[in-house]
Amino acid sequence: MSTVLTNFDTWKQFLADKVQHAKEIGMDDESIASLAFEIGSFLDEKVDPKNEEQRVLKELWDAGDDSERKVLARLMLKLVQKA
């Protein structure tokens with residue numbers, strides 16, 4: 001996992017793959033978004049940012065309340081599904 005977190009493009013591809021897999025097994029968008037929020041909370045608490053992009057995301061996460069963090073999680077999902 002630490003290798004995935006080192007490069008932001010690798011992280012985005014990892015997320016895209018996991019989102020695609022979740023859809024293939026029948027998870028709906030709301031469930032995926034809830035899971036993305038939980039993962040974001042875990043990363044915020046347990047993982048130091050490995051690059052500038054992650055540092056910015058952490059600062060945005062820390063600045064927001066739960067509602068804004070959920071929006072950020074959804075935006076990350078949109079970002080990785082565009083690629």
# chains A, B, ... in the order shown; residues from 1 in each chain; ligands from 1
$ closest_atom_pairs --of "range 40-73 of chain A" --to "range 28-31 of chain A" --cutoff "12 Å" --atoms "only C-alpha atoms" --output "Markdown table"
| residue | atom | partner | partner_atom | distance |
| --- | --- | --- | --- | --- |
| A:Lys70 | CA | A:Glu30 | CA | 10.7 |
| A:Val71 | CA | A:Glu30 | CA | 11.9 |
| A:Ala73 | CA | A:Glu30 | CA | 11.2 |
$ write_last_selection --atoms "N, CA, C and O atoms" --output "short mmCIF file (atom, residue, chain, number, x, y, z; two decimals), in the first residue's frame"
data_model
loop_
_atom_site.label_atom_id
_atom_site.label_comp_id
_atom_site.auth_asym_id
_atom_site.auth_seq_id
_atom_site.Cartn_x
_atom_site.Cartn_y
_atom_site.Cartn_z
N LYS A 70 -17.40 14.72 2.87
CA LYS A 70 -18.15 13.81 2.00
C LYS A 70 -18.14 14.31 0.56
O LYS A 70 -18.02 13.51 -0.38
N VAL A 71 -18.25 15.62 0.39
CA VAL A 71 -18.16 16.21 -0.96
C VAL A 71 -16.78 15.95 -1.54
O VAL A 71 -16.65 15.56 -2.70
N ALA A 73 -14.74 13.52 -0.85
CA ALA A 73 -14.65 12.10 -1.17
C ALA A 73 -15.35 11.82 -2.50
O ALA A 73 -14.84 11.10 -3.35
#
$ residues_around --residues "range 46-56 of chain A" --least-positions-apart "4" --cutoff "7 Å" --atoms "only C-alpha atoms" --output "PDB file with all heavy atoms, in the first residue's frame"
ATOM      1  N   LEU A   5       0.723   4.800  -2.408  1.00  0.00           N
ATOM      2  CA  LEU A   5       0.551   6.149  -1.888  1.00  0.00           C
ATOM      3  C   LEU A   5       1.669   7.103  -2.289  1.00  0.00           C
ATOM      4  O   LEU A   5       1.512   8.310  -2.184  1.00  0.00           O
ATOM      5  CB  LEU A   5       0.443   6.109  -0.359  1.00  0.00           C
ATOM      6  CG  LEU A   5      -0.792   5.407   0.192  1.00  0.00           C
ATOM      7  CD1 LEU A   5      -0.698   5.314   1.710  1.00  0.00           C
ATOM      8  CD2 LEU A   5      -2.059   6.110  -0.221  1.00  0.00           C
ATOM      9  N   THR A   6       2.778   6.598  -2.755  1.00  0.00           N
ATOM     10  CA  THR A   6       3.929   7.436  -3.054  1.00  0.00           C
ATOM     11  C   THR A   6       3.686   8.346  -4.255  1.00  0.00           C
ATOM     12  O   THR A   6       4.040   9.513  -4.239  1.00  0.00           O
ATOM     13  CB  THR A   6       5.176   6.560  -3.310  1.00  0.00           C
ATOM     14  OG1 THR A   6       5.360   5.725  -2.168  1.00  0.00           O
ATOM     15  CG2 THR A   6       6.407   7.403  -3.503  1.00  0.00           C
ATOM     16  N   PHE A   8       0.971  10.104  -6.887  1.00  0.00           N
ATOM     17  CA  PHE A   8      -0.441  10.460  -6.936  1.00  0.00           C
ATOM     18  C   PHE A   8      -1.165   9.816  -8.115  1.00  0.00           C
ATOM     19  O   PHE A   8      -2.298   9.373  -7.984  1.00  0.00           O
ATOM     20  CB  PHE A   8      -0.610  11.982  -6.972  1.00  0.00           C
ATOM     21  CG  PHE A   8      -2.017  12.428  -6.703  1.00  0.00           C
ATOM     22  CD1 PHE A   8      -2.612  12.216  -5.470  1.00  0.00           C
ATOM     23  CD2 PHE A   8      -2.760  13.060  -7.692  1.00  0.00           C
ATOM     24  CE1 PHE A   8      -3.911  12.624  -5.217  1.00  0.00           C
ATOM     25  CE2 PHE A   8      -4.060  13.476  -7.448  1.00  0.00           C
ATOM     26  CZ  PHE A   8      -4.633  13.262  -6.212  1.00  0.00           C
ATOM     27  N   PHE A  42      -9.709   7.465   7.497  1.00  0.00           N
ATOM     28  CA  PHE A  42      -8.604   6.611   7.924  1.00  0.00           C
ATOM     29  C   PHE A  42      -7.268   7.200   7.479  1.00  0.00           C
ATOM     30  O   PHE A  42      -6.324   7.307   8.274  1.00  0.00           O
ATOM     31  CB  PHE A  42      -8.769   5.201   7.354  1.00  0.00           C
ATOM     32  CG  PHE A  42      -7.566   4.331   7.586  1.00  0.00           C
ATOM     33  CD1 PHE A  42      -7.385   3.705   8.805  1.00  0.00           C
ATOM     34  CD2 PHE A  42      -6.605   4.160   6.601  1.00  0.00           C
ATOM     35  CE1 PHE A  42      -6.265   2.902   9.038  1.00  0.00           C
ATOM     36  CE2 PHE A  42      -5.486   3.366   6.817  1.00  0.00           C
ATOM     37  CZ  PHE A  42      -5.313   2.740   8.038  1.00  0.00           C
ATOM     38  N   LEU A  60      -7.310  20.247   2.816  1.00  0.00           N
ATOM     39  CA  LEU A  60      -8.727  20.459   2.519  1.00  0.00           C
ATOM     40  C   LEU A  60      -9.603  19.618   3.446  1.00  0.00           C
ATOM     41  O   LEU A  60     -10.614  20.099   3.973  1.00  0.00           O
ATOM     42  CB  LEU A  60      -9.018  20.111   1.058  1.00  0.00           C
ATOM     43  CG  LEU A  60      -8.474  21.077   0.026  1.00  0.00           C
ATOM     44  CD1 LEU A  60      -8.619  20.488  -1.374  1.00  0.00           C
ATOM     45  CD2 LEU A  60      -9.178  22.422   0.120  1.00  0.00           C
TER      46      LEU A  60
END
$ closest_residue --among "A:Glu68, A:Leu35, A:Ile25, A:Val80" --to "Thr10 in chain A" --atoms "only C-alpha atoms"
A:Val80
$ atom_distance --atom1 "CA of Asp62 in chain A" --atom2 "CA of Leu15 in chain A"
20.8 Å
$ closest_residue --among "A:Gln20, A:Leu75, A:Arg69, A:Gln13" --to "Glu38 in chain A" --atoms "only C-alpha atoms"
A:Arg69
$ select_by_dssp --residues "chain A" --states "alpha helix (DSSP H)" --output "count of residues only"
69
$ closest_residue --among "A:Ser67, A:Asn7, A:Ile39, A:Ile32" --to "Val19 in chain A" --atoms "only C-alpha atoms"
A:Ile32
$ atom_distance --atom1 "CA of Gln81 in chain A" --atom2 "CA of Ala36 in chain A"
13.1 Å
$ atom_distance --atom1 "CA of Gly26 in chain A" --atom2 "CA of Gly40 in chain A"
21.7 Å
$ decode --residues "chain A" --atoms "C-alpha atoms" --output "PDB file, in the first residue's frame"
ATOM      1  CA  MET A   1       0.000   0.000   0.000  1.00  0.00           C
ATOM      2  CA  SER A   2       2.801   2.436   0.751  1.00  0.00           C
ATOM      3  CA  THR A   3       4.014   2.098  -2.857  1.00  0.00           C
ATOM      4  CA  VAL A   4       0.548   3.055  -4.084  1.00  0.00           C
ATOM      5  CA  LEU A   5       0.551   6.149  -1.888  1.00  0.00           C
ATOM      6  CA  THR A   6       3.929   7.436  -3.054  1.00  0.00           C
ATOM      7  CA  ASN A   7       2.841   8.578  -6.526  1.00  0.00           C
ATOM      8  CA  PHE A   8      -0.441  10.460  -6.936  1.00  0.00           C
ATOM      9  CA  ASP A   9      -1.156   9.085 -10.419  1.00  0.00           C
ATOM     10  CA  THR A  10      -0.608   5.560  -9.116  1.00  0.00           C
ATOM     11  CA  TRP A  11      -2.975   6.328  -6.227  1.00  0.00           C
ATOM     12  CA  LYS A  12      -5.638   7.604  -8.637  1.00  0.00           C
ATOM     13  CA  GLN A  13      -5.322   4.477 -10.785  1.00  0.00           C
ATOM     14  CA  PHE A  14      -5.531   2.280  -7.682  1.00  0.00           C
ATOM     15  CA  LEU A  15      -8.723   4.081  -6.634  1.00  0.00           C
ATOM     16  CA  ALA A  16     -10.182   3.852 -10.138  1.00  0.00           C
ATOM     17  CA  ASP A  17      -9.563   0.099 -10.173  1.00  0.00           C
ATOM     18  CA  LYS A  18     -11.206  -0.327  -6.761  1.00  0.00           C
ATOM     19  CA  VAL A  19     -14.230   1.773  -7.758  1.00  0.00           C
ATOM     20  CA  GLN A  20     -14.636  -0.255 -10.942  1.00  0.00           C
ATOM     21  CA  HIS A  21     -14.426  -3.495  -8.950  1.00  0.00           C
ATOM     22  CA  ALA A  22     -17.005  -2.209  -6.443  1.00  0.00           C
ATOM     23  CA  LYS A  23     -19.402  -1.421  -9.307  1.00  0.00           C
ATOM     24  CA  GLU A  24     -18.817  -4.837 -10.861  1.00  0.00           C
ATOM     25  CA  ILE A  25     -19.842  -6.560  -7.638  1.00  0.00           C
ATOM     26  CA  GLY A  26     -22.992  -4.451  -7.452  1.00  0.00           C
ATOM     27  CA  MET A  27     -22.211  -1.622  -5.050  1.00  0.00           C
ATOM     28  CA  ASP A  28     -24.229   1.510  -5.730  1.00  0.00           C
ATOM     29  CA  ASP A  29     -22.729   4.992  -5.939  1.00  0.00           C
ATOM     30  CA  GLU A  30     -23.938   5.956  -2.464  1.00  0.00           C
ATOM     31  CA  SER A  31     -22.246   2.933  -0.868  1.00  0.00           C
ATOM     32  CA  ILE A  32     -19.030   3.634  -2.760  1.00  0.00           C
ATOM     33  CA  ALA A  33     -19.128   7.281  -1.651  1.00  0.00           C
ATOM     34  CA  SER A  34     -19.647   6.236   1.983  1.00  0.00           C
ATOM     35  CA  LEU A  35     -16.706   3.890   1.743  1.00  0.00           C
ATOM     36  CA  ALA A  36     -14.576   6.641   0.150  1.00  0.00           C
ATOM     37  CA  PHE A  37     -15.429   8.907   3.101  1.00  0.00           C
ATOM     38  CA  GLU A  38     -14.377   6.211   5.573  1.00  0.00           C
ATOM     39  CA  ILE A  39     -11.122   5.623   3.696  1.00  0.00           C
ATOM     40  CA  GLY A  40     -10.460   9.366   3.632  1.00  0.00           C
ATOM     41  CA  SER A  41     -10.981   9.532   7.395  1.00  0.00           C
ATOM     42  CA  PHE A  42      -8.604   6.611   7.924  1.00  0.00           C
ATOM     43  CA  LEU A  43      -5.926   8.139   5.694  1.00  0.00           C
ATOM     44  CA  ASP A  44      -6.280  11.492   7.439  1.00  0.00           C
ATOM     45  CA  GLU A  45      -5.717   9.924  10.846  1.00  0.00           C
ATOM     46  CA  LYS A  46      -3.133   7.251  10.042  1.00  0.00           C
ATOM     47  CA  VAL A  47      -1.122   8.153   6.935  1.00  0.00           C
ATOM     48  CA  ASP A  48       1.311  11.003   6.400  1.00  0.00           C
ATOM     49  CA  PRO A  49       1.003  12.655   2.977  1.00  0.00           C
ATOM     50  CA  LYS A  50       3.649  11.292   0.594  1.00  0.00           C
ATOM     51  CA  ASN A  51       3.462  14.035  -2.041  1.00  0.00           C
ATOM     52  CA  GLU A  52       2.187  17.575  -2.637  1.00  0.00           C
ATOM     53  CA  GLU A  53      -1.201  16.454  -3.982  1.00  0.00           C
ATOM     54  CA  GLN A  54      -1.883  14.376  -0.894  1.00  0.00           C
ATOM     55  CA  ARG A  55      -0.745  17.245   1.313  1.00  0.00           C
ATOM     56  CA  VAL A  56      -3.290  19.550  -0.337  1.00  0.00           C
ATOM     57  CA  LEU A  57      -6.033  16.945   0.014  1.00  0.00           C
ATOM     58  CA  LYS A  58      -5.199  16.524   3.703  1.00  0.00           C
ATOM     59  CA  GLU A  59      -5.335  20.289   4.259  1.00  0.00           C
ATOM     60  CA  LEU A  60      -8.727  20.459   2.519  1.00  0.00           C
ATOM     61  CA  TRP A  61      -9.958  17.453   4.517  1.00  0.00           C
ATOM     62  CA  ASP A  62      -8.799  19.001   7.792  1.00  0.00           C
ATOM     63  CA  ALA A  63     -10.400  22.363   6.936  1.00  0.00           C
ATOM     64  CA  GLY A  64     -13.810  20.848   6.205  1.00  0.00           C
ATOM     65  CA  ASP A  65     -16.592  19.512   8.351  1.00  0.00           C
ATOM     66  CA  ASP A  66     -18.083  16.047   7.744  1.00  0.00           C
ATOM     67  CA  SER A  67     -20.441  17.354   5.067  1.00  0.00           C
ATOM     68  CA  GLU A  68     -17.597  19.002   3.156  1.00  0.00           C
ATOM     69  CA  ARG A  69     -15.416  15.923   3.578  1.00  0.00           C
ATOM     70  CA  LYS A  70     -18.150  13.809   2.004  1.00  0.00           C
ATOM     71  CA  VAL A  71     -18.161  16.206  -0.955  1.00  0.00           C
ATOM     72  CA  LEU A  72     -14.383  15.901  -1.228  1.00  0.00           C
ATOM     73  CA  ALA A  73     -14.647  12.099  -1.173  1.00  0.00           C
ATOM     74  CA  ARG A  74     -17.254  12.225  -3.951  1.00  0.00           C
ATOM     75  CA  LEU A  75     -15.069  14.577  -5.977  1.00  0.00           C
ATOM     76  CA  MET A  76     -12.150  12.169  -5.684  1.00  0.00           C
ATOM     77  CA  LEU A  77     -14.418   9.418  -6.986  1.00  0.00           C
ATOM     78  CA  LYS A  78     -15.407  11.594  -9.932  1.00  0.00           C
ATOM     79  CA  LEU A  79     -11.773  12.445 -10.586  1.00  0.00           C
ATOM     80  CA  VAL A  80     -10.650   8.841 -10.778  1.00  0.00           C
ATOM     81  CA  GLN A  81     -13.616   7.765 -12.887  1.00  0.00           C
ATOM     82  CA  LYS A  82     -12.817  10.405 -15.536  1.00  0.00           C
ATOM     83  CA  ALA A  83      -9.493   8.817 -16.393  1.00  0.00           C
TER      84      ALA A  83
END
